[in-house]
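*Asks:* After the structure tokens below, expect a handful of questions from me.
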Amino acid sequence: MAFQSSQASETAKTPVPDTLTWTVPFGVGGGTDVWARFMSHWVGESLENHPAIVINNVPGGGSITGANLFYSRARSNGAEMIVTSASTQYPAMLKDPRVRFDYSRWTPIIAAPTGGVVYAQSSMGDDPKKVLEHLRQHETKFGAQTPTGLELPILLAFDMLGLQVDPVFGMRSRGEGRLAFERGEAGIDFQTTSAYFSSVTPLVKSGQAVPLFSLGVMNDDNVIVRDPAFPDLPTFSELYLAQPGTSRDDMAYQVYHKFFASGYALQKLLLVPKDIDASMLETYRDAAKKLAKDPEFLEAARQRIGPYDPVTGDVAARQLEAAMQMSQERRQWIVDWLKQKHDIRVVTQ
Amino acid sequence: MLESMISGISQILTVSHLLYMCLGVSAGLLVGIIPGLGGIAGMALLLPFLYGMEPGLALGMLMGMVAVIPTGDTFASVLMGIPGSSSSQATVMDGFPLAKKGQAARALSSAFLSSLCGGVIGALILTVFILMARPLVLGFSSSELFVLTMLGLAMVAVLSGGQLFKGIAACGLGLLVGAMGTAPATGEFRLNMGIEYLFDGIPLVVVGLGIFAIPEIIELMIQKSSIARDQAGLGKGWKRGVQDVWQNRGLVARCAGIGSIIGTIPGLAGSVVDWLTYGYASRTVKGEKHFGQGDIRGVIAPEAANNACACGAMVPTLLFGVPGSGTAAIFLGGLLLLGLEPGVSMITTHLDLTYNIIWSLALANILGAAFCLLLARPVAQLTRVPFALIAPVITMLVLFAAYQATRSLGDWYALIAIGAIGLLFKQAGWSRPAFLIGFVLAPGAETYFYQSIQFNGLAGFMRPGVLIILSLTALALLYPLGKKLLARRRNTASEKTATASVVEKTKPTWGVVDMILVVGMLLIAALSWYDVRDISFIAHVFPMLSIVFLGGGALAVAIQIRTEGALRVEQPALQGLCWLAGLLMVVVVASVLGFISTATLGSLLFLTFVAKSRWLTIVLITLGIVAFLLGMQSLLSLHYPSGLLDALIFPAS
């Protein structure tokens, strides 16, 4: 019986093409590009025929240009895939008028979560409680990239905790934001986990920075829990829900949760058009599952892209669907919040 | 520390390390020599080798590539007047005029030799500096960065060659074009006329090619000559270039010093340093000056600086993980792929690897420059070939390069639009470099101004670093004025006769091109004002300022022409615009039929009917073009616009 079924699926399987093209809608050397290049090596290895994987960088429009191009041109023959990140997911959630791609027509093969930590100058106080109290009383600066990018949930978090943080936009990377913090121009900063370990830990050790909270990670029930990389740090959710009169049902918390899910719990995604051959999709997903258990890969991944295990196949697809669905009401809420709080006009369709 | 240095040296002097480095250097030269390709293409070439390699060897290979990209792109700058990349913009200023005078070999050999010296000096400075660079890098706040961009903009005065108002108007136009896209402070869109291509603004490669290369190509077409009109000089060129560098060794050292310090400041790096050192050289050197018309020191200064700058850019990359330049960003990506996280640990726990990187940089600079020096003379012979024969090749290269910017057809149309501006500017004697400087510095000027105000308020402008840079800027602006005044007081009489003979004034009449430009600029200023009037204050204050420069400059030019008369400049623009229209047709055909077929057809037709060459030449050149395009396509997995014909003939694309 078992023998028969395996043979049946064997014959039905469509072979994987010899060359796969991954569209990366970002420039060379950035976070998503490095992730894609790292993954392409391992995904190529884990597939039986070891296909050559070509990375096609199409930068522009904060990743919208490349994603649009992929959406309109890519054939669903299984040879074409796209790598996206928070900066691709957010405009789709906000219905940016330039967005012509649709995540419901793509399906993920493998996804990488990330976490992150918010920290502040130690001149504001020597323990997190004192610093938070200081930040509620005194305005401070935060070097950010764009109002609708990776920092959107962070800005929301500051407001929900009652911190008086004034963002200065126009940083070209989170690294530049950290430089502004190290120069003393910014009082508070945020880094994703791997950058935090390499560049902020020394600042904490030397007494210049105080970690305040982590963003946490999403568990299988879609609840944010403590980040295993920072077991001693409270999560933002803990701090928020500890305030009187708050609950998980608050509009602000719901919106935060959505953006956290799509931007952090699924920060980097490898997707294919949904209508590719079903058996080929299965081959890809099996390879991804195998990869997610491969100790050699996990070791290399921990070193290079952070301490979180990848999410694969159906689980990733379910999470993505939940994260990307944004009700009109919630969308309008965040647009109004940006206008009111930071005087930023976001155009939505 | 000494131990790490020795370990670093022993790592790079192994056979395997040298072999991998040669591989990197060859890749770097290939992508450096072909205009439009940069680190992206290099990365695509090297990446397959990167995995599973020992980090020391992989670093050597990466360094080899990163170090020679600003060396190889000099070929395009000198031979074709095409700025190969952002770091060779200023080299065009005097390099191309030298090539026209038949001194391409001289220009190339001194460029490569000063690149070599610059790279080695930069690496030497870096060896000591890396250990104590943190406070300096952290000392440059957004306020200092802002005034540095002001220092860069002050170079407009130097480069507009006595025509200050034209220079200001050109710079204002550049600033305005540079402000297209999104406002850094709010993310609002502006000046994009609803065209999706313009949402990101126009890429630097396209602007550089449009403003410099297109007018040169068209001029050569009109004159039907070879690039080197003056046939003398090539014979002794190589030796002469070496002597030039030796005679200007002080200049080389100073420019390398400036380059490596500016390089360490993240965010500015390559785009300003060549103009700063060019301006510096044109102000400070002694003796007769022919800057802009083929002064060898105008080649030596920026070339020494840009390789040193590539070294300096490693400081923020290694110490902070914040790339100091475009190529440094590629290098950073490579480091992360190798599992090396840059940061403080690079000098605490990985000091030997850090020295490996620095000295690989020096060694790669030597290797790269040596290869180029060997090539310089034979390649310079190309400038004697009648231009009609190489026109299809260069046109194809320019289109190829422009299309690599964002790989959208918009790149071609933007190229032609900027080309039209360049053509008019060139023919009426408006400063093209001033336009380019405005364009290059616009994003930095705006972002740093806004950030500086937000972070530090007005107090930011009282910081000592800011005051020092501001006084340097003032000095750069006032120095020639003071010198002129002094000279005038000394002998008023001889000065007067001198100016009278140099500036040949005509009756107060308008040149047609001047009129088109002034009216066009005022129109653009008005339309831009209309476009940005509605967006929030912090998003429109910078475009408004550019409009003031543009409109004010144009008005001043109009008044100046009215009262003092125009400077007599040859303005036969009509013929040039016809050639430009021809190029536009080529682009339209290419987007319908496909790039490869159009390049093939165009070359065949052009060589047969315009150049009237022999059939063997026609076939060889056309085959060369096709081979190049197909080769690049498979080697670097590039895509071209594939229209109706390409899809049939070259299904691989």
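Going through the structure tokens in order, the chains are called A, B, and so on, while each chain numbers its residues from 1 and the ligands are numbered from 1 in the order shown.
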With a cut-off of 6 Å, could you pull out the residues of chain A touching chain B and give me the nearest pair of atoms for each, distance in Å to one decimal, using only C-alpha atoms, ordered by chain and ascending number, as a Markdown table?
*Replies:*
```
| residue | atom | partner | partner_atom | distance |
| --- | --- | --- | --- | --- |
| A:Val28 | CA | B:Ile40 | CA | 6.0 |
| A:Gly29 | CA | B:Gly333 | CA | 3.9 |
| A:Val34 | CA | B:Gly333 | CA | 5.9 |
| A:Gly61 | CA | B:Asp200 | CA | 5.8 |
| A:Phe169 | CA | B:Ala185 | CA | 5.0 |
| A:Gly170 | CA | B:Pro184 | CA | 4.7 |
| A:Gly175 | CA | B:Val322 | CA | 5.5 |
| A:Arg183 | CA | B:Leu138 | CA | 5.2 |
| A:Glu185 | CA | B:Phe455 | CA | 5.8 |
| A:Ser199 | CA | B:Gly343 | CA | 5.8 |
| A:Arg304 | CA | B:Gly339 | CA | 5.1 |
```
*Asks:* When DSSP is applied to the backbone of this structure, which of range 17-93 of chain B are assigned helix (DSSP H, G or I)? Write them out as a compact mmCIF listing (two decimals) with all heavy atoms, in the first residue's frame.
*Replies:*
```txt
# COMPACT_ATOMS: atom_id res chain seq x y z
N HIS B 17 45.71 32.79 -2.07
CA HIS B 17 45.11 34.10 -1.87
C HIS B 17 45.32 34.98 -3.09
O HIS B 17 44.40 35.64 -3.58
CB HIS B 17 45.70 34.76 -0.62
CG HIS B 17 45.01 36.03 -0.24
ND1 HIS B 17 45.33 37.24 -0.80
CD2 HIS B 17 44.00 36.27 0.63
CE1 HIS B 17 44.55 38.17 -0.29
NE2 HIS B 17 43.73 37.62 0.58
N LEU B 18 46.55 34.95 -3.61
CA LEU B 18 46.86 35.79 -4.77
C LEU B 18 46.05 35.36 -5.99
O LEU B 18 45.57 36.19 -6.75
CB LEU B 18 48.36 35.71 -5.09
CG LEU B 18 49.25 36.46 -4.10
CD1 LEU B 18 50.72 36.22 -4.40
CD2 LEU B 18 48.95 37.95 -4.14
N LEU B 19 45.85 34.05 -6.13
CA LEU B 19 45.08 33.55 -7.26
C LEU B 19 43.64 34.04 -7.19
O LEU B 19 43.09 34.56 -8.16
CB LEU B 19 45.09 32.02 -7.26
CG LEU B 19 46.26 31.38 -8.00
CD1 LEU B 19 46.21 29.87 -7.85
CD2 LEU B 19 46.21 31.77 -9.47
N TYR B 20 43.04 33.87 -6.02
CA TYR B 20 41.66 34.32 -5.87
C TYR B 20 41.55 35.83 -6.06
O TYR B 20 40.58 36.34 -6.60
CB TYR B 20 41.09 33.90 -4.51
CG TYR B 20 40.59 32.48 -4.52
CD1 TYR B 20 41.29 31.47 -3.89
CD2 TYR B 20 39.41 32.16 -5.19
CE1 TYR B 20 40.84 30.17 -3.91
CE2 TYR B 20 38.95 30.86 -5.23
CZ TYR B 20 39.68 29.86 -4.59
OH TYR B 20 39.21 28.58 -4.62
N MET B 21 42.58 36.53 -5.60
CA MET B 21 42.53 37.97 -5.75
C MET B 21 42.59 38.35 -7.23
O MET B 21 41.86 39.24 -7.68
CB MET B 21 43.69 38.62 -5.01
CG MET B 21 43.67 40.11 -5.14
SD MET B 21 45.05 40.83 -4.34
CE MET B 21 44.39 41.06 -2.77
N CYS B 22 43.42 37.64 -8.00
CA CYS B 22 43.48 37.92 -9.44
C CYS B 22 42.12 37.69 -10.08
O CYS B 22 41.70 38.43 -10.97
CB CYS B 22 44.53 37.05 -10.11
SG CYS B 22 46.18 37.65 -9.83
N LEU B 23 41.43 36.66 -9.62
CA LEU B 23 40.08 36.38 -10.11
C LEU B 23 39.18 37.58 -9.83
O LEU B 23 38.45 38.07 -10.70
CB LEU B 23 39.55 35.14 -9.40
CG LEU B 23 38.38 34.41 -10.03
CD1 LEU B 23 38.81 33.80 -11.34
CD2 LEU B 23 37.88 33.33 -9.08
N GLY B 24 39.26 38.08 -8.61
CA GLY B 24 38.46 39.23 -8.23
C GLY B 24 38.83 40.46 -9.03
O GLY B 24 37.95 41.20 -9.50
N VAL B 25 40.14 40.66 -9.22
CA VAL B 25 40.60 41.83 -9.97
C VAL B 25 40.10 41.76 -11.41
O VAL B 25 39.61 42.76 -11.97
CB VAL B 25 42.14 41.94 -9.93
CG1 VAL B 25 42.65 42.95 -10.94
CG2 VAL B 25 42.59 42.34 -8.53
N SER B 26 40.16 40.56 -12.01
CA SER B 26 39.69 40.44 -13.40
C SER B 26 38.20 40.75 -13.48
O SER B 26 37.76 41.48 -14.38
CB SER B 26 39.93 39.03 -13.94
OG SER B 26 41.16 38.56 -13.51
N ALA B 27 37.43 40.21 -12.56
CA ALA B 27 35.98 40.49 -12.56
C ALA B 27 35.75 41.98 -12.38
O ALA B 27 34.92 42.59 -13.08
CB ALA B 27 35.29 39.72 -11.45
N GLY B 28 36.49 42.59 -11.47
CA GLY B 28 36.32 44.02 -11.21
C GLY B 28 36.66 44.86 -12.42
O GLY B 28 35.97 45.82 -12.74
N LEU B 29 37.73 44.46 -13.14
CA LEU B 29 38.11 45.22 -14.33
C LEU B 29 37.05 45.08 -15.42
O LEU B 29 36.70 46.06 -16.08
CB LEU B 29 39.47 44.74 -14.86
CG LEU B 29 40.67 45.22 -14.06
CD1 LEU B 29 41.94 44.68 -14.66
CD2 LEU B 29 40.71 46.74 -14.01
N LEU B 30 36.54 43.88 -15.58
CA LEU B 30 35.52 43.65 -16.60
C LEU B 30 34.32 44.56 -16.34
O LEU B 30 33.87 45.28 -17.23
CB LEU B 30 35.09 42.18 -16.59
CG LEU B 30 34.04 41.82 -17.63
CD1 LEU B 30 34.63 41.89 -19.03
CD2 LEU B 30 33.49 40.42 -17.37
N VAL B 31 33.81 44.53 -15.12
CA VAL B 31 32.62 45.35 -14.86
C VAL B 31 32.98 46.83 -14.76
O VAL B 31 32.14 47.68 -15.00
CB VAL B 31 31.87 44.91 -13.58
CG1 VAL B 31 31.41 43.50 -13.70
CG2 VAL B 31 32.67 45.13 -12.35
N GLY B 32 34.23 47.14 -14.43
CA GLY B 32 34.62 48.54 -14.36
C GLY B 32 34.76 49.16 -15.74
O GLY B 32 34.36 50.29 -15.96
N ILE B 33 35.30 48.39 -16.67
CA ILE B 33 35.57 48.94 -18.00
C ILE B 33 34.28 49.15 -18.78
O ILE B 33 34.12 50.13 -19.49
CB ILE B 33 36.54 48.01 -18.77
CG1 ILE B 33 37.94 48.13 -18.16
CG2 ILE B 33 36.57 48.35 -20.25
CD1 ILE B 33 38.94 47.15 -18.68
N GLY B 39 28.93 47.16 -9.11
CA GLY B 39 29.08 46.07 -8.17
C GLY B 39 28.07 44.96 -8.34
O GLY B 39 28.38 43.80 -8.08
N ILE B 40 26.86 45.30 -8.81
CA ILE B 40 25.83 44.26 -8.95
C ILE B 40 26.33 43.16 -9.87
O ILE B 40 26.28 41.98 -9.55
CB ILE B 40 24.54 44.85 -9.56
CG1 ILE B 40 23.98 45.90 -8.62
CG2 ILE B 40 23.53 43.76 -9.83
CD1 ILE B 40 22.68 46.50 -9.10
N ALA B 41 26.84 43.60 -11.03
CA ALA B 41 27.31 42.63 -11.99
C ALA B 41 28.51 41.86 -11.44
O ALA B 41 28.62 40.65 -11.62
CB ALA B 41 27.70 43.33 -13.28
N GLY B 42 29.38 42.57 -10.73
CA GLY B 42 30.54 41.91 -10.14
C GLY B 42 30.12 40.83 -9.15
O GLY B 42 30.66 39.73 -9.13
N MET B 43 29.14 41.18 -8.34
CA MET B 43 28.62 40.23 -7.35
C MET B 43 28.09 38.99 -8.04
O MET B 43 28.34 37.87 -7.60
CB MET B 43 27.49 40.93 -6.59
CG MET B 43 27.08 40.24 -5.34
SD MET B 43 28.21 40.67 -4.02
CE MET B 43 27.26 40.07 -2.63
N ALA B 44 27.36 39.20 -9.14
CA ALA B 44 26.79 38.07 -9.86
C ALA B 44 27.90 37.17 -10.40
O ALA B 44 27.76 35.95 -10.45
CB ALA B 44 25.90 38.55 -11.00
N LEU B 45 29.03 37.80 -10.78
CA LEU B 45 30.14 37.01 -11.31
C LEU B 45 30.84 36.22 -10.21
O LEU B 45 31.26 35.09 -10.42
CB LEU B 45 31.17 37.94 -11.97
CG LEU B 45 30.93 38.33 -13.41
CD1 LEU B 45 31.94 39.38 -13.83
CD2 LEU B 45 31.05 37.10 -14.29
N LEU B 46 30.99 36.83 -9.05
CA LEU B 46 31.83 36.22 -8.01
C LEU B 46 31.07 35.28 -7.09
O LEU B 46 31.64 34.37 -6.51
CB LEU B 46 32.48 37.31 -7.16
CG LEU B 46 33.58 38.12 -7.81
CD1 LEU B 46 34.33 38.93 -6.78
CD2 LEU B 46 34.57 37.20 -8.53
N LEU B 47 29.77 35.53 -6.96
CA LEU B 47 29.02 34.82 -5.93
C LEU B 47 29.14 33.30 -6.00
O LEU B 47 29.30 32.64 -4.97
CB LEU B 47 27.56 35.23 -5.98
CG LEU B 47 26.89 34.77 -4.70
CD1 LEU B 47 27.12 35.79 -3.61
CD2 LEU B 47 25.43 34.53 -4.93
N PRO B 48 29.08 32.72 -7.19
CA PRO B 48 29.14 31.27 -7.25
C PRO B 48 30.40 30.70 -6.58
O PRO B 48 30.40 29.56 -6.14
CB PRO B 48 29.15 30.97 -8.75
CG PRO B 48 28.52 32.15 -9.37
CD PRO B 48 28.86 33.31 -8.51
N PHE B 49 31.46 31.51 -6.52
CA PHE B 49 32.69 31.01 -5.92
C PHE B 49 32.72 31.19 -4.40
O PHE B 49 33.54 30.64 -3.71
CB PHE B 49 33.91 31.75 -6.50
CG PHE B 49 34.03 31.65 -7.98
CD1 PHE B 49 33.49 32.61 -8.80
CD2 PHE B 49 34.67 30.56 -8.56
CE1 PHE B 49 33.59 32.51 -10.18
CE2 PHE B 49 34.78 30.46 -9.94
CZ PHE B 49 34.24 31.43 -10.74
N LEU B 50 31.81 32.05 -3.92
CA LEU B 50 31.94 32.53 -2.55
C LEU B 50 31.65 31.45 -1.50
O LEU B 50 32.26 31.42 -0.44
CB LEU B 50 30.99 33.72 -2.37
CG LEU B 50 31.45 34.85 -1.49
CD1 LEU B 50 32.75 35.42 -2.00
CD2 LEU B 50 30.39 35.93 -1.47
N PRO B 55 37.04 32.22 4.66
CA PRO B 55 36.76 33.66 4.63
C PRO B 55 37.93 34.52 4.16
O PRO B 55 37.74 35.47 3.40
CB PRO B 55 36.41 33.99 6.08
CG PRO B 55 35.93 32.72 6.66
CD PRO B 55 36.63 31.61 5.93
N GLY B 56 39.15 34.18 4.57
CA GLY B 56 40.31 34.98 4.18
C GLY B 56 40.45 35.06 2.66
O GLY B 56 40.65 36.13 2.09
N LEU B 57 40.31 33.89 1.99
CA LEU B 57 40.45 33.85 0.53
C LEU B 57 39.29 34.61 -0.13
O LEU B 57 39.49 35.40 -1.05
CB LEU B 57 40.44 32.41 0.04
CG LEU B 57 41.59 31.53 0.50
CD1 LEU B 57 41.46 30.14 -0.08
CD2 LEU B 57 42.92 32.15 0.08
N ALA B 58 38.07 34.35 0.37
CA ALA B 58 36.90 34.99 -0.22
C ALA B 58 37.02 36.51 -0.09
O ALA B 58 36.67 37.25 -1.01
CB ALA B 58 35.64 34.50 0.47
N LEU B 59 37.53 36.96 1.05
CA LEU B 59 37.70 38.40 1.24
C LEU B 59 38.67 38.97 0.23
O LEU B 59 38.44 40.04 -0.33
CB LEU B 59 38.23 38.68 2.65
CG LEU B 59 37.19 38.62 3.75
CD1 LEU B 59 37.86 38.85 5.11
CD2 LEU B 59 36.13 39.66 3.51
N GLY B 60 39.78 38.23 -0.01
CA GLY B 60 40.76 38.67 -1.00
C GLY B 60 40.11 38.86 -2.36
O GLY B 60 40.33 39.86 -3.04
N MET B 61 39.25 37.89 -2.72
CA MET B 61 38.59 37.95 -4.02
C MET B 61 37.64 39.15 -4.09
O MET B 61 37.65 39.93 -5.05
CB MET B 61 37.83 36.65 -4.23
CG MET B 61 37.29 36.47 -5.60
SD MET B 61 36.70 34.78 -5.86
CE MET B 61 35.17 34.79 -4.97
N LEU B 62 36.84 39.31 -3.04
CA LEU B 62 35.90 40.44 -2.99
C LEU B 62 36.64 41.77 -3.04
O LEU B 62 36.27 42.69 -3.76
CB LEU B 62 35.10 40.39 -1.69
CG LEU B 62 33.77 39.65 -1.70
CD1 LEU B 62 33.21 39.62 -0.30
CD2 LEU B 62 32.80 40.32 -2.65
N MET B 63 37.72 41.86 -2.24
CA MET B 63 38.49 43.10 -2.20
C MET B 63 39.06 43.40 -3.57
O MET B 63 39.08 44.54 -4.02
CB MET B 63 39.66 42.97 -1.23
CG MET B 63 39.40 43.27 0.20
SD MET B 63 37.94 44.16 0.55
CE MET B 63 38.38 45.78 0.18
N GLY B 64 39.56 42.34 -4.24
CA GLY B 64 40.13 42.51 -5.57
C GLY B 64 39.13 43.19 -6.48
O GLY B 64 39.46 44.14 -7.20
N MET B 65 37.88 42.74 -6.40
CA MET B 65 36.86 43.33 -7.27
C MET B 65 36.54 44.76 -6.86
O MET B 65 36.55 45.68 -7.68
CB MET B 65 35.60 42.48 -7.21
CG MET B 65 34.47 43.06 -8.02
SD MET B 65 32.99 42.10 -7.87
CE MET B 65 32.27 42.79 -6.40
N VAL B 66 36.26 44.95 -5.56
CA VAL B 66 35.84 46.25 -5.08
C VAL B 66 36.89 47.32 -5.36
O VAL B 66 36.58 48.44 -5.74
CB VAL B 66 35.52 46.17 -3.57
CG1 VAL B 66 35.34 47.54 -2.98
CG2 VAL B 66 34.28 45.34 -3.35
N ALA B 67 38.18 46.93 -5.22
CA ALA B 67 39.24 47.93 -5.35
C ALA B 67 39.41 48.43 -6.77
O ALA B 67 39.75 49.59 -6.97
CB ALA B 67 40.56 47.35 -4.84
N VAL B 68 39.19 47.59 -7.77
CA VAL B 68 39.56 48.02 -9.12
C VAL B 68 38.40 48.60 -9.92
O VAL B 68 38.62 49.13 -11.00
CB VAL B 68 40.23 46.88 -9.93
CG1 VAL B 68 41.48 46.42 -9.24
CG2 VAL B 68 39.27 45.75 -10.17
N ILE B 69 37.18 48.54 -9.40
CA ILE B 69 36.07 49.14 -10.15
C ILE B 69 36.32 50.63 -10.41
O ILE B 69 36.18 51.09 -11.54
CB ILE B 69 34.71 48.88 -9.46
CG1 ILE B 69 34.36 47.39 -9.59
CG2 ILE B 69 33.61 49.71 -10.09
CD1 ILE B 69 33.08 46.99 -8.92
N PRO B 70 36.76 51.42 -9.41
CA PRO B 70 37.07 52.83 -9.74
C PRO B 70 38.34 53.01 -10.56
O PRO B 70 38.66 54.13 -10.94
CB PRO B 70 37.18 53.52 -8.38
CG PRO B 70 37.43 52.45 -7.40
CD PRO B 70 36.85 51.18 -7.96
N THR B 71 39.10 51.95 -10.83
CA THR B 71 40.25 52.08 -11.72
C THR B 71 39.82 51.85 -13.16
O THR B 71 40.12 52.64 -14.05
CB THR B 71 41.35 51.06 -11.34
OG1 THR B 71 41.61 51.15 -9.95
CG2 THR B 71 42.62 51.32 -12.11
N GLY B 72 39.08 50.78 -13.39
CA GLY B 72 38.72 50.40 -14.75
C GLY B 72 37.80 51.39 -15.42
O GLY B 72 37.86 51.59 -16.63
N THR B 74 37.89 54.36 -15.62
CA THR B 74 38.59 55.50 -16.20
C THR B 74 38.66 55.40 -17.72
O THR B 74 38.66 56.41 -18.41
CB THR B 74 40.01 55.56 -15.61
OG1 THR B 74 39.89 55.53 -14.20
CG2 THR B 74 40.74 56.80 -16.03
N PHE B 75 38.72 54.17 -18.25
CA PHE B 75 38.76 54.00 -19.70
C PHE B 75 37.61 54.74 -20.37
O PHE B 75 37.81 55.51 -21.30
CB PHE B 75 38.69 52.51 -20.06
CG PHE B 75 40.02 51.81 -20.00
CD1 PHE B 75 40.25 50.82 -19.06
CD2 PHE B 75 41.03 52.13 -20.89
CE1 PHE B 75 41.47 50.17 -19.00
CE2 PHE B 75 42.26 51.47 -20.84
CZ PHE B 75 42.47 50.49 -19.88
N ALA B 76 36.39 54.47 -19.86
CA ALA B 76 35.21 55.09 -20.47
C ALA B 76 35.26 56.61 -20.31
O ALA B 76 34.92 57.36 -21.22
CB ALA B 76 33.94 54.53 -19.85
N SER B 77 35.70 57.06 -19.12
CA SER B 77 35.74 58.51 -18.88
C SER B 77 36.67 59.21 -19.85
O SER B 77 36.34 60.26 -20.38
CB SER B 77 36.22 58.79 -17.45
OG SER B 77 35.37 58.22 -16.52
N VAL B 78 37.84 58.63 -20.07
CA VAL B 78 38.83 59.30 -20.90
C VAL B 78 38.54 59.10 -22.39
O VAL B 78 38.57 60.04 -23.17
CB VAL B 78 40.25 58.80 -20.56
CG1 VAL B 78 41.27 59.32 -21.57
CG2 VAL B 78 40.64 59.23 -19.15
N LEU B 79 38.23 57.87 -22.78
CA LEU B 79 38.13 57.58 -24.22
C LEU B 79 36.81 58.01 -24.83
O LEU B 79 36.74 58.35 -25.98
CB LEU B 79 38.32 56.08 -24.45
CG LEU B 79 39.69 55.54 -24.05
CD1 LEU B 79 39.76 54.05 -24.32
CD2 LEU B 79 40.79 56.26 -24.80
N MET B 80 35.73 57.94 -24.02
CA MET B 80 34.43 58.22 -24.61
C MET B 80 33.73 59.41 -23.98
O MET B 80 32.64 59.77 -24.38
CB MET B 80 33.53 56.99 -24.48
CG MET B 80 34.07 55.77 -25.17
SD MET B 80 32.93 54.40 -25.01
CE MET B 80 33.81 53.30 -23.96
N SER B 86 30.01 56.81 -10.55
CA SER B 86 29.95 58.10 -9.86
C SER B 86 31.33 58.60 -9.47
O SER B 86 31.54 59.80 -9.36
CB SER B 86 29.06 57.99 -8.63
OG SER B 86 29.61 57.08 -7.71
N SER B 87 32.29 57.69 -9.27
CA SER B 87 33.58 58.16 -8.78
C SER B 87 34.48 58.67 -9.89
O SER B 87 35.56 59.17 -9.62
CB SER B 87 34.28 57.05 -7.99
OG SER B 87 34.47 55.94 -8.81
N SER B 88 34.07 58.55 -11.14
CA SER B 88 34.93 59.05 -12.23
C SER B 88 34.29 60.20 -12.99
O SER B 88 34.60 60.44 -14.15
CB SER B 88 35.27 57.94 -13.21
OG SER B 88 36.22 57.09 -12.65
N GLN B 89 33.36 60.91 -12.35
CA GLN B 89 32.70 62.00 -13.06
C GLN B 89 33.68 63.11 -13.39
O GLN B 89 33.71 63.61 -14.51
CB GLN B 89 31.57 62.56 -12.21
CG GLN B 89 30.48 61.58 -11.92
CD GLN B 89 29.63 62.03 -10.75
OE1 GLN B 89 29.60 63.20 -10.40
NE2 GLN B 89 28.96 61.10 -10.14
N ALA B 90 34.49 63.49 -12.41
CA ALA B 90 35.36 64.63 -12.62
C ALA B 90 36.49 64.31 -13.60
O ALA B 90 37.05 65.20 -14.23
CB ALA B 90 35.93 65.12 -11.30
N THR B 91 36.82 63.01 -13.72
CA THR B 91 37.88 62.62 -14.63
C THR B 91 37.54 63.00 -16.07
O THR B 91 38.41 63.29 -16.88
CB THR B 91 38.12 61.10 -14.55
OG1 THR B 91 38.19 60.74 -13.17
CG2 THR B 91 39.39 60.70 -15.23
N VAL B 92 36.23 62.99 -16.38
CA VAL B 92 35.78 63.33 -17.72
C VAL B 92 36.19 64.75 -18.09
O VAL B 92 36.57 65.03 -19.23
CB VAL B 92 34.25 63.18 -17.83
CG1 VAL B 92 33.75 63.61 -19.18
CG2 VAL B 92 33.85 61.74 -17.56
N MET B 93 36.14 65.64 -17.08
CA MET B 93 36.37 67.07 -17.33
C MET B 93 37.63 67.35 -18.13
O MET B 93 37.63 68.15 -19.06
CB MET B 93 36.47 67.82 -15.99
CG MET B 93 35.17 67.91 -15.26
SD MET B 93 34.04 69.03 -16.05
CE MET B 93 34.89 70.58 -15.78
```
*Asks:* Which residues are close to Gln325 in chain A, i.e. within 9 Å by only C-alpha atoms, leaving aside same-chain residues fewer than 4 positions away? Reply as a list in words.
*Replies:* Met93, Lys258, Leu320 and Glu321 of chain A
*Asks:* Need to verify the contact set: Val16 in chain A, 9 Å, only C-alpha atoms, exclusion of same-chain residues closer than 6 positions in sequence. Can you return it as a PyMOL selection string?
*Replies:* chain A and resi 47-49+51+78-79+280+283-284
*Asks:* Using only C-alpha atoms, determine which residues lie at most 9 Å from Leu203 in chain A, disregarding the query and same-chain residues fewer than 6 positions distant; provide the list as a PyMOL selection string.
*Replies:* chain A and resi 182+209-210
*Asks:* Take the selection from the previous step and output its residues with C-alpha atoms, as a PDB file, in the first residue's frame.
*Replies:*
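Final output, selection_33.pdb:
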```pdb
ATOM      1  CA  GLU A 182      25.693  56.275  18.840  1.00  0.00           C
ATOM      2  CA  ALA A 209      22.509  51.775  26.065  1.00  0.00           C
ATOM      3  CA  VAL A 210      19.681  50.250  28.100  1.00  0.00           C
TER       4      VAL A 210
END
```
*Asks:* Report the distance between CA of Phe435 in chain B and CA of Lys166 in chain B in Å, rounded to one decimal place.
*Replies:* 10.0 Å
*Asks:* Hey, what's within 9 Å of Phe549 in chain B if we count only C-alpha atoms and toss same-chain stuff fewer than 2 positions away? As a list of chain:residue names, please?
*Replies:*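 Neighbouring residues, sequence-local ones excluded: B:Ile168, B:Ala169, B:Ala170, B:Cys171, B:Gly172, B:Leu173, B:Leu175, B:Met544, B:Leu545, B:Ser546, B:Ile547, B:Gly551, B:Gly552, B:Gly553, B:Ala554.
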